[in-house]
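Participant: This is coords-v9.cif (mmCIF, C-alpha atoms).
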data_work
#
loop_
_atom_site.label_atom_id
_atom_site.label_comp_id
_atom_site.auth_asym_id
_atom_site.auth_seq_id
_atom_site.Cartn_x
_atom_site.Cartn_y
_atom_site.Cartn_z
CA MET A 1 -85.79 -25.26 90.94
CA GLN A 2 -82.31 -25.01 92.45
CA GLN A 3 -83.06 -27.74 95.00
CA LEU A 4 -84.16 -30.90 93.20
CA ALA A 5 -83.89 -33.48 95.97
CA GLY A 6 -87.33 -34.78 96.85
CA LYS A 7 -88.98 -33.40 93.71
CA VAL A 8 -90.88 -35.70 91.30
CA ALA A 9 -90.18 -36.12 87.60
CA PHE A 10 -91.94 -37.92 84.75
CA VAL A 11 -89.77 -38.95 81.77
CA THR A 12 -91.00 -40.34 78.44
CA GLY A 13 -88.85 -42.55 76.24
CA ALA A 14 -86.98 -43.40 79.41
CA ALA A 15 -85.95 -47.02 78.86
CA SER A 16 -82.91 -46.19 76.72
CA GLY A 17 -80.79 -43.43 75.24
CA ILE A 18 -81.29 -39.82 76.20
CA GLY A 19 -84.42 -40.50 78.25
CA LEU A 20 -82.64 -43.05 80.38
CA GLY A 21 -79.67 -40.73 80.79
CA ILE A 22 -81.96 -37.95 82.00
CA ALA A 23 -83.88 -40.27 84.33
CA GLU A 24 -80.64 -41.55 85.82
CA ALA A 25 -79.15 -38.08 86.30
CA LEU A 26 -82.35 -36.87 87.97
CA ALA A 27 -82.37 -39.91 90.26
CA GLN A 28 -78.75 -39.26 91.19
CA SER A 29 -79.84 -35.73 92.17
CA GLY A 30 -82.39 -37.13 94.62
CA VAL A 31 -85.41 -36.73 92.34
CA LYS A 32 -88.19 -39.31 92.46
CA VAL A 33 -88.65 -40.48 88.88
CA MET A 34 -91.41 -42.23 86.98
CA LEU A 35 -89.99 -43.65 83.77
CA SER A 36 -92.28 -44.30 80.81
CA ASP A 37 -91.61 -46.14 77.56
CA ILE A 38 -93.37 -48.22 74.92
CA ASP A 39 -90.87 -51.06 75.44
CA GLY A 40 -92.18 -52.71 78.59
CA ASP A 41 -89.36 -55.23 78.96
CA ALA A 42 -86.61 -52.61 78.70
CA LEU A 43 -88.56 -50.36 81.03
CA ASP A 44 -88.86 -53.04 83.71
CA ARG A 45 -85.16 -53.82 83.42
CA GLU A 46 -84.01 -50.21 83.78
CA VAL A 47 -86.42 -49.41 86.62
CA ALA A 48 -85.08 -52.44 88.50
CA ARG A 49 -81.49 -51.39 87.83
CA LEU A 50 -82.06 -47.85 89.12
CA ALA A 51 -84.06 -49.09 92.11
CA ALA A 52 -81.09 -51.26 93.06
CA THR A 53 -79.10 -48.02 93.57
CA ASN A 54 -81.71 -46.91 96.16
CA ALA A 55 -83.28 -44.48 93.67
CA ASP A 56 -86.99 -43.86 94.24
CA VAL A 57 -88.27 -44.83 90.78
CA ALA A 58 -91.28 -46.45 89.14
CA GLY A 59 -92.26 -47.35 85.60
CA PHE A 60 -95.36 -47.05 83.43
CA ARG A 61 -95.60 -48.51 79.94
CA ALA A 62 -97.23 -46.07 77.51
CA ASP A 63 -97.45 -45.38 73.80
CA VAL A 64 -97.13 -41.60 73.85
CA SER A 65 -98.59 -41.30 70.35
CA LEU A 66 -101.94 -41.94 72.09
CA LYS A 67 -103.19 -39.07 74.27
CA ALA A 68 -105.19 -41.41 76.52
CA GLU A 69 -102.05 -43.32 77.46
CA ILE A 70 -100.23 -40.12 78.46
CA ALA A 71 -103.22 -39.19 80.62
CA ALA A 72 -103.16 -42.64 82.23
CA ALA A 73 -99.43 -42.28 82.87
CA ALA A 74 -100.00 -38.90 84.53
CA ASP A 75 -102.63 -40.45 86.79
CA ALA A 76 -100.21 -43.25 87.70
CA CYS A 77 -97.48 -40.74 88.52
CA ILE A 78 -99.76 -38.80 90.87
CA GLU A 79 -101.01 -42.01 92.48
CA ARG A 80 -97.43 -43.22 93.06
CA PHE A 81 -95.73 -39.98 94.11
CA GLY A 82 -98.54 -37.58 95.03
CA LYS A 83 -97.43 -34.76 92.75
CA VAL A 84 -95.11 -33.96 89.86
CA HIS A 85 -92.65 -31.07 89.43
CA ILE A 86 -90.66 -31.95 86.32
CA LEU A 87 -91.86 -33.20 82.93
CA ILE A 88 -89.36 -34.53 80.40
CA ASN A 89 -91.03 -34.83 76.98
CA ASN A 90 -88.30 -36.99 75.50
CA ALA A 91 -89.81 -39.86 73.50
CA GLY A 92 -88.85 -39.65 69.84
CA VAL A 93 -88.47 -41.72 66.69
CA GLY A 94 -86.75 -41.30 63.35
CA GLY A 95 -88.12 -42.35 60.01
CA GLY A 96 -91.48 -41.96 58.36
CA GLY A 97 -90.08 -42.02 54.82
CA ASP A 98 -88.36 -39.43 52.64
CA TYR A 99 -89.86 -37.34 49.85
CA GLY A 100 -91.43 -39.64 47.31
CA GLY A 101 -91.56 -42.49 49.79
CA TRP A 102 -93.60 -41.29 52.75
CA ASN A 103 -97.19 -42.23 53.53
CA ASP A 104 -99.95 -41.18 55.92
CA ALA A 105 -99.17 -43.89 58.48
CA GLY A 106 -95.56 -42.75 58.64
CA TRP A 107 -96.57 -39.14 59.20
CA ASP A 108 -99.11 -40.18 61.85
CA TRP A 109 -96.45 -42.15 63.71
CA VAL A 110 -93.63 -39.59 63.61
CA ILE A 111 -95.87 -36.61 64.33
CA GLY A 112 -97.70 -38.52 67.06
CA VAL A 113 -94.57 -39.51 68.95
CA ASN A 114 -92.27 -36.55 68.27
CA LEU A 115 -94.68 -33.62 68.34
CA MET A 116 -98.19 -34.43 69.56
CA SER A 117 -96.88 -36.23 72.64
CA VAL A 118 -95.09 -32.99 73.55
CA VAL A 119 -98.27 -30.96 72.98
CA TRP A 120 -100.24 -33.40 75.12
CA GLY A 121 -97.49 -33.42 77.73
CA PHE A 122 -97.86 -29.67 78.21
CA GLU A 123 -101.66 -29.96 78.18
CA ILE A 124 -101.91 -32.83 80.66
CA PHE A 125 -98.96 -32.22 82.97
CA GLY A 126 -98.92 -28.41 82.92
CA PRO A 127 -101.91 -28.06 85.29
CA LEU A 128 -100.40 -30.71 87.57
CA LEU A 129 -97.17 -28.71 87.83
CA GLU A 130 -99.16 -25.58 88.60
CA ALA A 131 -101.49 -27.20 91.14
CA HIS A 132 -99.08 -27.57 94.06
CA GLY A 133 -97.61 -24.08 93.80
CA GLU A 134 -94.05 -25.33 94.33
CA GLY A 135 -92.77 -24.44 90.88
CA GLY A 136 -91.82 -26.79 88.10
CA HIS A 137 -89.97 -27.29 84.87
CA ILE A 138 -90.68 -28.85 81.46
CA VAL A 139 -87.90 -30.05 79.16
CA SER A 140 -88.79 -31.21 75.65
CA THR A 141 -86.32 -33.04 73.45
CA ALA A 142 -86.04 -31.62 69.95
CA SER A 143 -82.80 -32.03 67.99
CA MET A 144 -80.30 -29.97 66.08
CA ALA A 145 -82.65 -30.97 63.23
CA GLY A 146 -85.11 -28.63 64.94
CA LEU A 147 -82.83 -25.72 64.06
CA VAL A 148 -81.26 -26.95 60.82
CA ALA A 149 -83.42 -29.09 58.50
CA ALA A 150 -80.75 -31.66 57.75
CA VAL A 151 -82.48 -35.01 58.23
CA ALA A 152 -85.68 -36.66 56.90
CA PRO A 153 -88.61 -34.27 56.30
CA GLY A 154 -90.94 -35.81 58.89
CA TYR A 155 -88.27 -35.70 61.57
CA ASN A 156 -87.33 -32.11 60.73
CA VAL A 157 -90.94 -30.94 60.82
CA THR A 158 -91.62 -32.44 64.23
CA LYS A 159 -88.42 -31.18 65.78
CA TYR A 160 -88.94 -27.64 64.45
CA GLY A 161 -92.40 -27.87 66.02
CA VAL A 162 -90.98 -28.83 69.41
CA VAL A 163 -88.61 -25.85 69.29
CA ALA A 164 -91.44 -23.46 68.32
CA LEU A 165 -93.76 -24.81 71.01
CA SER A 166 -91.09 -24.50 73.68
CA GLU A 167 -90.10 -20.98 72.64
CA GLY A 168 -93.72 -19.84 72.57
CA LEU A 169 -94.68 -21.35 75.92
CA ARG A 170 -91.54 -20.35 77.84
CA PRO A 171 -92.70 -16.79 78.66
CA LYS A 172 -96.30 -17.86 79.22
CA LEU A 173 -95.44 -20.57 81.74
CA ALA A 174 -92.70 -18.51 83.42
CA ALA A 175 -95.49 -16.29 84.73
CA ARG A 176 -96.97 -19.42 86.34
CA GLY A 177 -93.76 -20.52 88.00
CA ILE A 178 -92.84 -23.16 85.41
CA GLY A 179 -89.58 -23.12 83.48
CA VAL A 180 -89.46 -24.36 79.89
CA SER A 181 -86.37 -25.66 78.11
CA VAL A 182 -85.83 -27.25 74.72
CA LEU A 183 -83.07 -29.85 74.37
CA CYS A 184 -81.37 -29.87 70.97
CA PRO A 185 -78.87 -32.73 71.03
CA GLY A 186 -76.36 -33.52 68.32
CA PHE A 187 -75.09 -37.06 67.90
CA VAL A 188 -75.73 -39.04 71.09
CA ARG A 189 -75.24 -42.77 71.68
CA THR A 190 -78.87 -43.87 71.24
CA ARG A 191 -80.89 -46.40 69.25
CA ILE A 192 -82.49 -43.73 67.03
CA MET A 193 -81.49 -45.68 63.92
CA GLU A 194 -83.51 -48.63 65.25
CA SER A 195 -86.73 -46.65 65.66
CA ALA A 196 -88.75 -49.22 63.71
CA ARG A 197 -88.66 -51.41 66.81
CA ALA A 198 -91.06 -48.92 68.45
CA ILE A 199 -93.75 -48.91 65.77
CA PRO A 200 -97.00 -49.66 67.64
CA GLU A 201 -99.05 -52.71 66.69
CA ARG A 202 -101.85 -50.63 65.19
CA LEU A 203 -99.38 -49.29 62.58
CA ALA A 204 -97.39 -52.48 62.02
CA GLY A 205 -96.70 -52.99 58.33
CA LYS A 206 -98.19 -49.60 57.42
CA VAL A 207 -95.36 -47.16 58.13
CA ALA A 208 -93.10 -46.25 55.22
CA LEU A 209 -89.54 -47.12 56.18
CA PRO A 210 -86.33 -46.01 54.44
CA ASP A 211 -85.00 -48.44 51.87
CA PRO A 212 -81.52 -49.44 53.10
CA ALA A 213 -80.43 -49.94 49.51
CA ALA A 214 -81.26 -46.30 48.76
CA VAL A 215 -78.82 -45.02 51.38
CA PRO A 216 -75.23 -44.84 50.13
CA ALA A 217 -73.05 -47.23 52.10
CA ASP A 218 -70.56 -44.52 52.98
CA MET A 219 -73.30 -42.22 54.30
CA ALA A 220 -74.80 -45.02 56.39
CA ALA A 221 -71.35 -45.78 57.79
CA ILE A 222 -70.76 -42.11 58.65
CA PHE A 223 -74.06 -41.86 60.55
CA ALA A 224 -73.48 -45.15 62.35
CA HIS A 225 -69.99 -44.07 63.38
CA ALA A 226 -71.22 -40.66 64.57
CA ILE A 227 -73.93 -42.21 66.73
CA ASN A 228 -71.78 -45.03 68.08
CA ASN A 229 -69.16 -42.45 69.08
CA GLY A 230 -71.66 -39.82 70.15
CA VAL A 231 -72.15 -38.04 73.44
CA ASP A 232 -72.78 -40.17 76.53
CA PRO A 233 -76.55 -40.10 77.35
CA LEU A 234 -75.80 -39.71 81.06
CA TYR A 235 -73.74 -36.61 80.27
CA VAL A 236 -76.80 -35.25 78.44
CA GLY A 237 -78.85 -36.03 81.53
CA GLU A 238 -76.40 -34.10 83.70
CA LEU A 239 -76.72 -31.11 81.37
CA VAL A 240 -80.50 -31.31 81.68
CA VAL A 241 -80.27 -31.31 85.48
CA GLU A 242 -78.06 -28.22 85.32
CA ALA A 243 -80.47 -26.58 82.86
CA ILE A 244 -83.45 -27.18 85.16
CA GLN A 245 -81.58 -25.75 88.13
CA ASN A 246 -80.55 -22.64 86.18
CA ASP A 247 -83.57 -22.24 83.89
CA TRP A 248 -81.78 -22.50 80.55
CA GLY A 249 -84.01 -21.87 77.55
CA TYR A 250 -81.90 -23.98 75.18
CA ILE A 251 -79.86 -27.06 76.02
CA PHE A 252 -77.12 -28.12 73.59
CA THR A 253 -74.90 -31.17 73.93
CA ASP A 254 -71.91 -29.84 71.95
CA ASN A 255 -70.87 -27.12 69.49
CA ASP A 256 -70.56 -29.40 66.46
CA PHE A 257 -73.56 -27.95 64.64
CA GLU A 258 -73.19 -24.31 65.67
CA SER A 259 -71.84 -23.35 62.25
CA GLY A 260 -74.92 -24.87 60.62
CA VAL A 261 -77.18 -22.72 62.78
CA ASP A 262 -75.08 -19.66 61.91
CA ALA A 263 -75.40 -20.48 58.21
CA ARG A 264 -79.18 -20.86 58.47
CA PHE A 265 -79.61 -17.51 60.16
CA ALA A 266 -77.24 -15.88 57.67
CA ALA A 267 -79.45 -17.20 54.86
CA ILE A 268 -82.54 -15.79 56.61
CA LYS A 269 -80.79 -12.43 57.00
CA ALA A 270 -79.87 -12.52 53.32
CA GLY A 271 -83.56 -12.95 52.50
CA PHE A 272 -84.34 -9.72 54.34
CA ASP A 273 -81.44 -7.99 52.58
CA GLN A 274 -82.98 -8.86 49.21
CA ILE A 275 -85.98 -6.62 49.89
CA ARG A 276 -84.28 -4.04 52.08
CA GLY A 277 -85.17 -0.50 51.11
CA ARG A 278 -88.33 -1.44 49.25
CA VAL A 279 -91.62 0.17 50.31
CA PRO A 280 -94.44 -2.41 50.37
CA ARG A 281 -97.80 -1.49 48.85
CA ARG A 282 -100.39 -1.11 51.62
#
Is it possible to express this structure as structure tokens?

Facilitator:
Amino acid sequence: MQQLAGKVAFVTGAASGIGLGIAEALAQSGVKVMLSDIDGDALDREVARLAATNADVAGFRADVSLKAEIAAAADACIERFGKVHILINNAGVGGGGDYGGWNDAGWDWVIGVNLMSVVWGFEIFGPLLEAHGEGGHIVSTASMAGLVAAVAPGYNVTKYGVVALSEGLRPKLAARGIGVSVLCPGFVRTRIMESARAIPERLAGKVALPDPAAVPADMAAIFAHAINNGVDPLYVGELVVEAIQNDWGYIFTDNDFESGVDARFAAIKAGFDQIRGRVPRR
């Protein structure tokens, strides 16, 4: 996918943050982009802004935690642009409650948005990318929390799942002319800490949310500072464009968490060392 001009992309969670940065970078590369988001007002605003730059863009409001809405969005993309070459599974939320404070609604929400929407994205859009025979690429947004379990349990679980799904499908889809990348960003200037704004109506009042009083003030300030001073979302989008063109398997935004990944794999290696030399009973 070296030449992106004229190709068609579908981006979830595209009305703000990383999704918007990716949509904008793709549009700047001459890609026709359908943006999707649960926030219809923000979506309309950003589609209008990009269209004013002569980008060929459209929008479709969808709650990606519902498979039927992803399918409807795919139909709308084909109706508008005729085909699709690039899928960006980006929509994501934080939260869902910590140990001792989570509930089923919180798990349903976080897993639905962060993981199942990615599964359904591959299932629904994969055949569409294969159909035209022109090649394609799928990028799914995980997190550094998909490599180092350092955040809330629900978030970690879903992001590890996105990494595993992407790694497993990369060789399978390569044989079908489709590249697969997993994006593992660090701190990026997004509204991830305001994820409660995206809770769908059917789960309103049911999702377990973190108790602000339970978070130490200094820790909250550190996270807020890191996000407010994080990587520019458009820069992330530019990295994604480069990754699609060069078929990167992993996309990182910085090296800040590399030592954490090294430490995790060192701990895994140490686990093997503990039983090295033993002969298992068969």

Participant: List the neighbours of Ser16 (chain A) out to 9 Å using all atoms listed in the file; skip same-chain residues closer than 4 positions along the sequence, and give me the result as a PyMOL selection string.

Facilitator: chain A and resi 20-21+37+42-43+46+190-191+233

Participant: Let's have the selection written as a PDB file, in the coordinates of the input, with C-alpha atoms.

Facilitator:
ATOM      1  CA  LEU A  20     -82.640 -43.050  80.380  1.00  0.00           C
ATOM      2  CA  GLY A  21     -79.670 -40.730  80.790  1.00  0.00           C
ATOM      3  CA  ASP A  37     -91.610 -46.140  77.560  1.00  0.00           C
ATOM      4  CA  ALA A  42     -86.610 -52.610  78.700  1.00  0.00           C
ATOM      5  CA  LEU A  43     -88.560 -50.360  81.030  1.00  0.00           C
ATOM      6  CA  GLU A  46     -84.010 -50.210  83.780  1.00  0.00           C
ATOM      7  CA  THR A 190     -78.870 -43.870  71.240  1.00  0.00           C
ATOM      8  CA  ARG A 191     -80.890 -46.400  69.250  1.00  0.00           C
ATOM      9  CA  PRO A 233     -76.550 -40.100  77.350  1.00  0.00           C
TER      10      PRO A 233
END

Participant: I'd like to know which of A:Arg281, A:Ile124, A:Val151, A:Asn90 is closest to Gly17 (chain A), using all atoms listed in the file.

Facilitator: A:Asn90

Participant: Report as a PyMOL selection string the residues that result from applying the PyMOL selection byres ((chain A and resi 31) around 12) to the structure here.

Facilitator: chain A and resi 1+3-11+22-30+32-35+54-58+81+84-87+241

Participant: Tell me, in Å to one decimal, how far CA of Ala52 (chain A) is from CA of Leu183 (chain A).

Facilitator: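 Here the two named atoms are 28.5 Å from each other.
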
Participant: Please measure the separation of CA of Ala208 (chain A) and CA of Ala196 (chain A), giving the value in Å to one decimal.

Facilitator: 10.0 Å

Participant: For Ala204 (chain A), please output as a PyMOL selection string all residues within 12 Å (counting all atoms listed in the file; exclusion window: fewer than 6 positions along the same chain).

Facilitator: chain A and resi 105-106+109+196-198

Participant: Identify all residues satisfying the PyMOL selection byres ((chain A and resi 202) around 12) in the given file; provide them as a list of chain:residue names.

Facilitator: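 Expected selection for the PyMOL selection byres ((chain A and resi 202) around 12) here is A:Asp63, A:Ser65, A:Leu66, A:Ala105, A:Asp108, A:Trp109, A:Ala198, A:Ile199, A:Pro200, A:Glu201, A:Leu203, A:Ala204, A:Gly205, A:Lys206, A:Val207.
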
Participant: Expand the PyMOL selection byres ((chain A and resi 38) around 8) into the individual residues it matches in the shown file, reporting them as JSON, numbers by chain.

Facilitator: {"A": [13, 36, 37, 39, 40, 61, 62, 63, 64, 198]}

Participant: With 6 Å on each side, where is the centre of the axis-aligned box around all listed atoms of region 194-201 of chain A, and how long are its edges in Å to one decimal, as AutoDock Vina command-line options?

Facilitator:
--center_x -91.3 --center_y -49.7 --center_z 66.1 --size_x 27.5 --size_y 18.1 --size_z 16.7

Participant: Taking only C-alpha atoms into account, produce a table as JSON lines in which each residue of region 79-148 of chain A with an atom at most 12 Å from an atom of region 166-171 of chain A appears once, together with its shortest atom pair and the distance in Å to one decimal, ordered by chain and rising number.

Facilitator:
{"residue": "A:Asn89", "atom": "CA", "partner": "A:Ser166", "partner_atom": "CA", "distance": 10.8}
{"residue": "A:Leu115", "atom": "CA", "partner": "A:Ser166", "partner_atom": "CA", "distance": 11.2}
{"residue": "A:Val118", "atom": "CA", "partner": "A:Ser166", "partner_atom": "CA", "distance": 9.4}
{"residue": "A:Val119", "atom": "CA", "partner": "A:Ser166", "partner_atom": "CA", "distance": 9.7}
{"residue": "A:Gly121", "atom": "CA", "partner": "A:Ser166", "partner_atom": "CA", "distance": 11.7}
{"residue": "A:Phe122", "atom": "CA", "partner": "A:Leu169", "partner_atom": "CA", "distance": 9.2}
{"residue": "A:Glu123", "atom": "CA", "partner": "A:Leu169", "partner_atom": "CA", "distance": 11.3}
{"residue": "A:Gly126", "atom": "CA", "partner": "A:Leu169", "partner_atom": "CA", "distance": 10.8}
{"residue": "A:His137", "atom": "CA", "partner": "A:Arg170", "partner_atom": "CA", "distance": 10.0}
{"residue": "A:Ile138", "atom": "CA", "partner": "A:Ser166", "partner_atom": "CA", "distance": 8.9}
{"residue": "A:Val139", "atom": "CA", "partner": "A:Ser166", "partner_atom": "CA", "distance": 8.4}
{"residue": "A:Ser140", "atom": "CA", "partner": "A:Ser166", "partner_atom": "CA", "distance": 7.4}
{"residue": "A:Thr141", "atom": "CA", "partner": "A:Ser166", "partner_atom": "CA", "distance": 9.8}
{"residue": "A:Ala142", "atom": "CA", "partner": "A:Ser166", "partner_atom": "CA", "distance": 9.5}
{"residue": "A:Gly146", "atom": "CA", "partner": "A:Ser166", "partner_atom": "CA", "distance": 11.4}

Participant: Give me the region 175-194 of chain A side of the contact with region 152-162 of chain A, cut-off 12 Å, one line per residue showing its nearest atom pair and distance in Å at one decimal, counting only C-alpha atoms, sorted by chain and residue number, as a Markdown table.

Facilitator:
| residue | atom | partner | partner_atom | distance |
| --- | --- | --- | --- | --- |
| A:Val180 | CA | A:Val162 | CA | 11.5 |
| A:Ser181 | CA | A:Val162 | CA | 10.3 |
| A:Val182 | CA | A:Val162 | CA | 7.6 |
| A:Leu183 | CA | A:Val162 | CA | 9.4 |
| A:Cys184 | CA | A:Lys159 | CA | 8.9 |
| A:Pro185 | CA | A:Lys159 | CA | 11.0 |
| A:Ile192 | CA | A:Tyr155 | CA | 11.3 |

Participant: For the selection you just gave me, I'd like the residues written to a file as an mmCIF file, keeping the file's coordinate frame, keeping C-alpha atoms.

Facilitator:
data_model
loop_
_atom_site.group_PDB
_atom_site.id
_atom_site.type_symbol
_atom_site.label_atom_id
_atom_site.label_comp_id
_atom_site.auth_asym_id
_atom_site.auth_seq_id
_atom_site.Cartn_x
_atom_site.Cartn_y
_atom_site.Cartn_z
ATOM 1 C CA VAL A 180 -89.460 -24.360 79.890
ATOM 2 C CA SER A 181 -86.370 -25.660 78.110
ATOM 3 C CA VAL A 182 -85.830 -27.250 74.720
ATOM 4 C CA LEU A 183 -83.070 -29.850 74.370
ATOM 5 C CA CYS A 184 -81.370 -29.870 70.970
ATOM 6 C CA PRO A 185 -78.870 -32.730 71.030
ATOM 7 C CA ILE A 192 -82.490 -43.730 67.030
#

Participant: Using Å and a single decimal, report how far CA of Gly92 (chain A) sits from CA of Ala149 (chain A).

Facilitator: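 Atom-to-atom, CA of Ala149 (chain A) to CA of Gly92 (chain A), that is 16.4 Å.
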
Participant: Taking only C-alpha atoms into account, which of A:Leu209, A:Lys269, A:Gly82, A:Ala263 comes nearest Trp102 (chain A)?

Facilitator: A:Leu209

Participant: I'd like the contact shell of Thr253 (chain A) - 9 Å cut-off, only C-alpha atoms, skipping same-chain residues fewer than 3 positions apart - returned as a list of chain:residue names.

Facilitator: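 In the requested format, the answer is A:Leu183, A:Cys184, A:Pro185, A:Gly186, A:Phe187, A:Val188, A:Val231, A:Tyr235, A:Val236, A:Leu239, A:Asp256.
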
Participant: From the options A:Arg276, A:Arg45, A:Lys83, A:Arg264, which residue's atoms come nearest to Val148 (chain A), counting all atoms listed in the file?

Facilitator: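 Answer, going by the shortest atom-to-atom distance: A:Arg264.
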
Participant: Rank nothing, just name the residue among A:Tyr99, A:Phe125, A:Trp107, A:Phe223 nearest to Ala72 (chain A), using all atoms listed in the file.

Facilitator: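 Closest candidate: A:Phe125.
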
Participant: What's the 10 Å shell around Gln2 (chain A), counting only C-alpha atoms, without same-chain residues fewer than 4 positions away, as a list in words?

Facilitator: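 The neighbour list is Val241, Glu242, Ala243, Ile244, Gln245, Asn246 and Asp247 of chain A.
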
Participant: May I ask which of the residues A:Val110, A:Met193, A:Trp248, A:Gly95 is the closest one to Ile227 (chain A), counting only C-alpha atoms?

Facilitator: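 So, comparing all the options, the nearest one is A:Met193.
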
Participant: Do a neighbour search on Gly177 (chain A) at 9 Å with all atoms listed in the file, toss out local chain neighbours closer than 4 positions, and write the hits as a list in words.

Facilitator: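 Surrounding residues, per the criterion: Leu129, Glu130, Gly133, Glu134, Gly135, Gly136, His137 and Leu173 of chain A.
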